[in-house]
Amino acid sequence: MLFRQAPARIAARVCGVDTTLALAMHEWITSTAPDKGERPVAFAEGAAPACFALVQIAVIKPAMFWAAIVAIPSFPVFLALRWF
């Protein structure tokens, strides 16, 4: 269960959104209920849209999400190794 929540928690930390909101986004995206309705208003205010996009990428294309999470911090290391 914690592994499934990891992308939402990472997206919340990266975007500066409350973890419960990111977990609610993950729950809404993965819900299979036919009466899911439109996206809640709370997902469209402040930094929430960026977090929603990250959570959606994590659900739809998990390999791309994890590759980006690994690549972003490693880029400065590769630059430093290249220059020295």
# chains A, B, ... in the order shown; residues from 1 in each chain; ligands from 1
>>> residues_around(residues="Leu21 (chain A)", least_positions_apart="5", cutoff="10 Å", atoms="only C-alpha atoms", output="list of chain:residue names")
A:Ala8, A:Arg9, A:Ala12, A:His26, A:Glu27, A:Ala42, A:Phe43, A:Ala48, A:Cys51, A:Phe52
>>> select_by_dssp(residues="chain A", states="alpha helix (DSSP H)", output="MDAnalysis selection string")
chainID A and resid 2:15 19:30 48:60 62:83
>>> atom_distance(atom1="CA of Phe65 (chain A)", atom2="CA of Pro7 (chain A)")
8.1 Å
>>> residues_around(residues="Gly46 (chain A)", least_positions_apart="6", cutoff="10 Å", atoms="only C-alpha atoms", output="number ranges by chain")
A: 15-17
>>> atom_distance(atom1="CA of Gly37 (chain A)", atom2="CA of Ala22 (chain A)")
18.1 Å
>>> closest_residue(among="A:Ile29, A:Val70, A:Ala24, A:Ala6", to="Gln56 (chain A)", atoms="only C-alpha atoms")
A:Ile29
>>> atom_distance(atom1="CA of Phe3 (chain A)", atom2="CA of Val59 (chain A)")
12.4 Å
>>> residues_around(residues="Ile69 (chain A)", least_positions_apart="5", cutoff="10 Å", atoms="only C-alpha atoms", output="NGL selection string")
:A and (7 or 10-11 or 14 or 63-64 or 74)
>>> write_last_selection(atoms="N, CA and C atoms", output="short mmCIF file (atom, residue, chain, number, x, y, z; two decimals), in the first residue's frame")
data_model
loop_
_atom_site.label_atom_id
_atom_site.label_comp_id
_atom_site.auth_asym_id
_atom_site.auth_seq_id
_atom_site.Cartn_x
_atom_site.Cartn_y
_atom_site.Cartn_z
N PRO A 7 4.23 7.69 -5.31
CA PRO A 7 4.22 8.76 -6.32
C PRO A 7 3.42 9.98 -5.88
N ILE A 10 5.50 11.88 -3.31
CA ILE A 10 6.61 12.58 -3.97
C ILE A 10 6.10 13.80 -4.72
N ALA A 11 4.99 13.65 -5.44
CA ALA A 11 4.41 14.78 -6.17
C ALA A 11 3.98 15.88 -5.21
N VAL A 14 7.21 17.67 -4.10
CA VAL A 14 7.80 18.46 -5.19
C VAL A 14 7.00 19.73 -5.46
N ALA A 63 6.71 4.31 -15.55
CA ALA A 63 8.14 4.25 -15.89
C ALA A 63 8.68 5.64 -16.19
N MET A 64 7.89 6.46 -16.88
CA MET A 64 8.33 7.82 -17.18
C MET A 64 8.44 8.65 -15.90
N SER A 74 20.03 13.61 -10.80
CA SER A 74 21.30 13.10 -11.30
C SER A 74 21.91 13.99 -12.38
#
>>> closest_residue(among="A:Ala58, A:Ala44, A:Ile72, A:Leu79", to="Thr30 (chain A)", atoms="only C-alpha atoms")
A:Ala58
>>> decode(residues="region 12-47 of chain A", atoms="N, CA and C atoms", output="PDB file, in the first residue's frame")
ATOM      1  N   ALA A  12       3.445  15.514  -4.064  1.00  0.00           N
ATOM      2  CA  ALA A  12       3.045  16.516  -3.069  1.00  0.00           C
ATOM      3  C   ALA A  12       4.251  17.282  -2.555  1.00  0.00           C
ATOM      4  N   ARG A  13       5.330  16.580  -2.319  1.00  0.00           N
ATOM      5  CA  ARG A  13       6.529  17.242  -1.798  1.00  0.00           C
ATOM      6  C   ARG A  13       7.165  18.142  -2.866  1.00  0.00           C
ATOM      7  N   VAL A  14       7.206  17.673  -4.102  1.00  0.00           N
ATOM      8  CA  VAL A  14       7.803  18.456  -5.191  1.00  0.00           C
ATOM      9  C   VAL A  14       6.999  19.730  -5.459  1.00  0.00           C
ATOM     10  N   CYS A  15       5.684  19.613  -5.425  1.00  0.00           N
ATOM     11  CA  CYS A  15       4.817  20.746  -5.766  1.00  0.00           C
ATOM     12  C   CYS A  15       4.437  21.604  -4.566  1.00  0.00           C
ATOM     13  N   GLY A  16       4.737  21.157  -3.365  1.00  0.00           N
ATOM     14  CA  GLY A  16       4.393  21.928  -2.187  1.00  0.00           C
ATOM     15  C   GLY A  16       2.907  21.885  -1.852  1.00  0.00           C
ATOM     16  N   VAL A  17       2.306  20.736  -2.095  1.00  0.00           N
ATOM     17  CA  VAL A  17       0.882  20.539  -1.832  1.00  0.00           C
ATOM     18  C   VAL A  17       0.744  19.607  -0.637  1.00  0.00           C
ATOM     19  N   ASP A  18      -0.375  19.726   0.086  1.00  0.00           N
ATOM     20  CA  ASP A  18      -0.644  18.854   1.213  1.00  0.00           C
ATOM     21  C   ASP A  18      -0.715  17.397   0.740  1.00  0.00           C
ATOM     22  N   THR A  19      -0.147  16.502   1.515  1.00  0.00           N
ATOM     23  CA  THR A  19      -0.099  15.097   1.144  1.00  0.00           C
ATOM     24  C   THR A  19      -1.494  14.489   1.020  1.00  0.00           C
ATOM     25  N   THR A  20      -2.410  14.905   1.881  1.00  0.00           N
ATOM     26  CA  THR A  20      -3.767  14.350   1.802  1.00  0.00           C
ATOM     27  C   THR A  20      -4.450  14.743   0.494  1.00  0.00           C
ATOM     28  N   LEU A  21      -4.174  15.953   0.001  1.00  0.00           N
ATOM     29  CA  LEU A  21      -4.738  16.374  -1.277  1.00  0.00           C
ATOM     30  C   LEU A  21      -4.157  15.542  -2.415  1.00  0.00           C
ATOM     31  N   ALA A  22      -2.853  15.294  -2.382  1.00  0.00           N
ATOM     32  CA  ALA A  22      -2.218  14.477  -3.425  1.00  0.00           C
ATOM     33  C   ALA A  22      -2.737  13.046  -3.384  1.00  0.00           C
ATOM     34  N   LEU A  23      -2.947  12.505  -2.199  1.00  0.00           N
ATOM     35  CA  LEU A  23      -3.496  11.161  -2.093  1.00  0.00           C
ATOM     36  C   LEU A  23      -4.941  11.119  -2.586  1.00  0.00           C
ATOM     37  N   ALA A  24      -5.696  12.189  -2.341  1.00  0.00           N
ATOM     38  CA  ALA A  24      -7.060  12.273  -2.869  1.00  0.00           C
ATOM     39  C   ALA A  24      -7.041  12.335  -4.391  1.00  0.00           C
ATOM     40  N   MET A  25      -6.069  13.041  -4.958  1.00  0.00           N
ATOM     41  CA  MET A  25      -5.918  13.085  -6.418  1.00  0.00           C
ATOM     42  C   MET A  25      -5.645  11.686  -6.958  1.00  0.00           C
ATOM     43  N   HIS A  26      -4.741  10.980  -6.312  1.00  0.00           N
ATOM     44  CA  HIS A  26      -4.404   9.625  -6.741  1.00  0.00           C
ATOM     45  C   HIS A  26      -5.627   8.727  -6.653  1.00  0.00           C
ATOM     46  N   GLU A  27      -6.374   8.845  -5.587  1.00  0.00           N
ATOM     47  CA  GLU A  27      -7.579   8.040  -5.420  1.00  0.00           C
ATOM     48  C   GLU A  27      -8.614   8.360  -6.498  1.00  0.00           C
ATOM     49  N   TRP A  28      -8.765   9.650  -6.826  1.00  0.00           N
ATOM     50  CA  TRP A  28      -9.738  10.062  -7.838  1.00  0.00           C
ATOM     51  C   TRP A  28      -9.333   9.563  -9.224  1.00  0.00           C
ATOM     52  N   ILE A  29      -8.045   9.653  -9.537  1.00  0.00           N
ATOM     53  CA  ILE A  29      -7.568   9.221 -10.855  1.00  0.00           C
ATOM     54  C   ILE A  29      -7.720   7.714 -11.020  1.00  0.00           C
ATOM     55  N   THR A  30      -7.419   6.959  -9.984  1.00  0.00           N
ATOM     56  CA  THR A  30      -7.466   5.505 -10.086  1.00  0.00           C
ATOM     57  C   THR A  30      -8.856   4.931  -9.839  1.00  0.00           C
ATOM     58  N   SER A  31      -9.804   5.765  -9.484  1.00  0.00           N
ATOM     59  CA  SER A  31     -11.165   5.292  -9.243  1.00  0.00           C
ATOM     60  C   SER A  31     -11.784   4.783 -10.536  1.00  0.00           C
ATOM     61  N   THR A  32     -12.465   3.664 -10.435  1.00  0.00           N
ATOM     62  CA  THR A  32     -13.117   3.083 -11.611  1.00  0.00           C
ATOM     63  C   THR A  32     -14.625   3.287 -11.575  1.00  0.00           C
ATOM     64  N   ALA A  33     -15.101   4.102 -10.641  1.00  0.00           N
ATOM     65  CA  ALA A  33     -16.547   4.334 -10.528  1.00  0.00           C
ATOM     66  C   ALA A  33     -17.056   5.090 -11.758  1.00  0.00           C
ATOM     67  N   PRO A  34     -18.166   4.655 -12.337  1.00  0.00           N
ATOM     68  CA  PRO A  34     -18.686   5.345 -13.521  1.00  0.00           C
ATOM     69  C   PRO A  34     -19.240   6.739 -13.212  1.00  0.00           C
ATOM     70  N   ASP A  35     -19.607   6.980 -11.959  1.00  0.00           N
ATOM     71  CA  ASP A  35     -20.154   8.290 -11.589  1.00  0.00           C
ATOM     72  C   ASP A  35     -19.091   9.179 -10.945  1.00  0.00           C
ATOM     73  N   LYS A  36     -17.862   9.036 -11.420  1.00  0.00           N
ATOM     74  CA  LYS A  36     -16.744   9.797 -10.863  1.00  0.00           C
ATOM     75  C   LYS A  36     -16.959  11.295 -11.012  1.00  0.00           C
ATOM     76  N   GLY A  37     -17.607  11.717 -12.071  1.00  0.00           N
ATOM     77  CA  GLY A  37     -17.897  13.129 -12.270  1.00  0.00           C
ATOM     78  C   GLY A  37     -16.692  13.908 -12.758  1.00  0.00           C
ATOM     79  N   GLU A  38     -16.821  15.207 -12.702  1.00  0.00           N
ATOM     80  CA  GLU A  38     -15.725  16.073 -13.130  1.00  0.00           C
ATOM     81  C   GLU A  38     -14.685  16.211 -12.027  1.00  0.00           C
ATOM     82  N   ARG A  39     -13.535  16.731 -12.418  1.00  0.00           N
ATOM     83  CA  ARG A  39     -12.446  16.927 -11.474  1.00  0.00           C
ATOM     84  C   ARG A  39     -12.866  17.919 -10.388  1.00  0.00           C
ATOM     85  N   PRO A  40     -12.608  17.607  -9.122  1.00  0.00           N
ATOM     86  CA  PRO A  40     -12.964  18.528  -8.039  1.00  0.00           C
ATOM     87  C   PRO A  40     -12.252  19.871  -8.163  1.00  0.00           C
ATOM     88  N   VAL A  41     -12.881  20.903  -7.650  1.00  0.00           N
ATOM     89  CA  VAL A  41     -12.342  22.267  -7.736  1.00  0.00           C
ATOM     90  C   VAL A  41     -11.033  22.388  -6.965  1.00  0.00           C
ATOM     91  N   ALA A  42     -10.891  21.621  -5.889  1.00  0.00           N
ATOM     92  CA  ALA A  42      -9.664  21.696  -5.082  1.00  0.00           C
ATOM     93  C   ALA A  42      -8.435  21.272  -5.862  1.00  0.00           C
ATOM     94  N   PHE A  43      -8.632  20.509  -6.932  1.00  0.00           N
ATOM     95  CA  PHE A  43      -7.500  20.057  -7.738  1.00  0.00           C
ATOM     96  C   PHE A  43      -7.047  21.117  -8.731  1.00  0.00           C
ATOM     97  N   ALA A  44      -7.731  22.250  -8.808  1.00  0.00           N
ATOM     98  CA  ALA A  44      -7.425  23.273  -9.813  1.00  0.00           C
ATOM     99  C   ALA A  44      -7.021  24.604  -9.207  1.00  0.00           C
ATOM    100  N   GLU A  45      -6.646  24.628  -7.945  1.00  0.00           N
ATOM    101  CA  GLU A  45      -6.290  25.882  -7.283  1.00  0.00           C
ATOM    102  C   GLU A  45      -4.843  25.852  -6.813  1.00  0.00           C
ATOM    103  N   GLY A  46      -4.148  26.951  -6.990  1.00  0.00           N
ATOM    104  CA  GLY A  46      -2.779  27.079  -6.507  1.00  0.00           C
ATOM    105  C   GLY A  46      -1.811  26.148  -7.212  1.00  0.00           C
ATOM    106  N   ALA A  47      -1.061  25.400  -6.418  1.00  0.00           N
ATOM    107  CA  ALA A  47      -0.069  24.470  -6.965  1.00  0.00           C
ATOM    108  C   ALA A  47      -0.660  23.095  -7.249  1.00  0.00           C
TER     109      ALA A  47
END
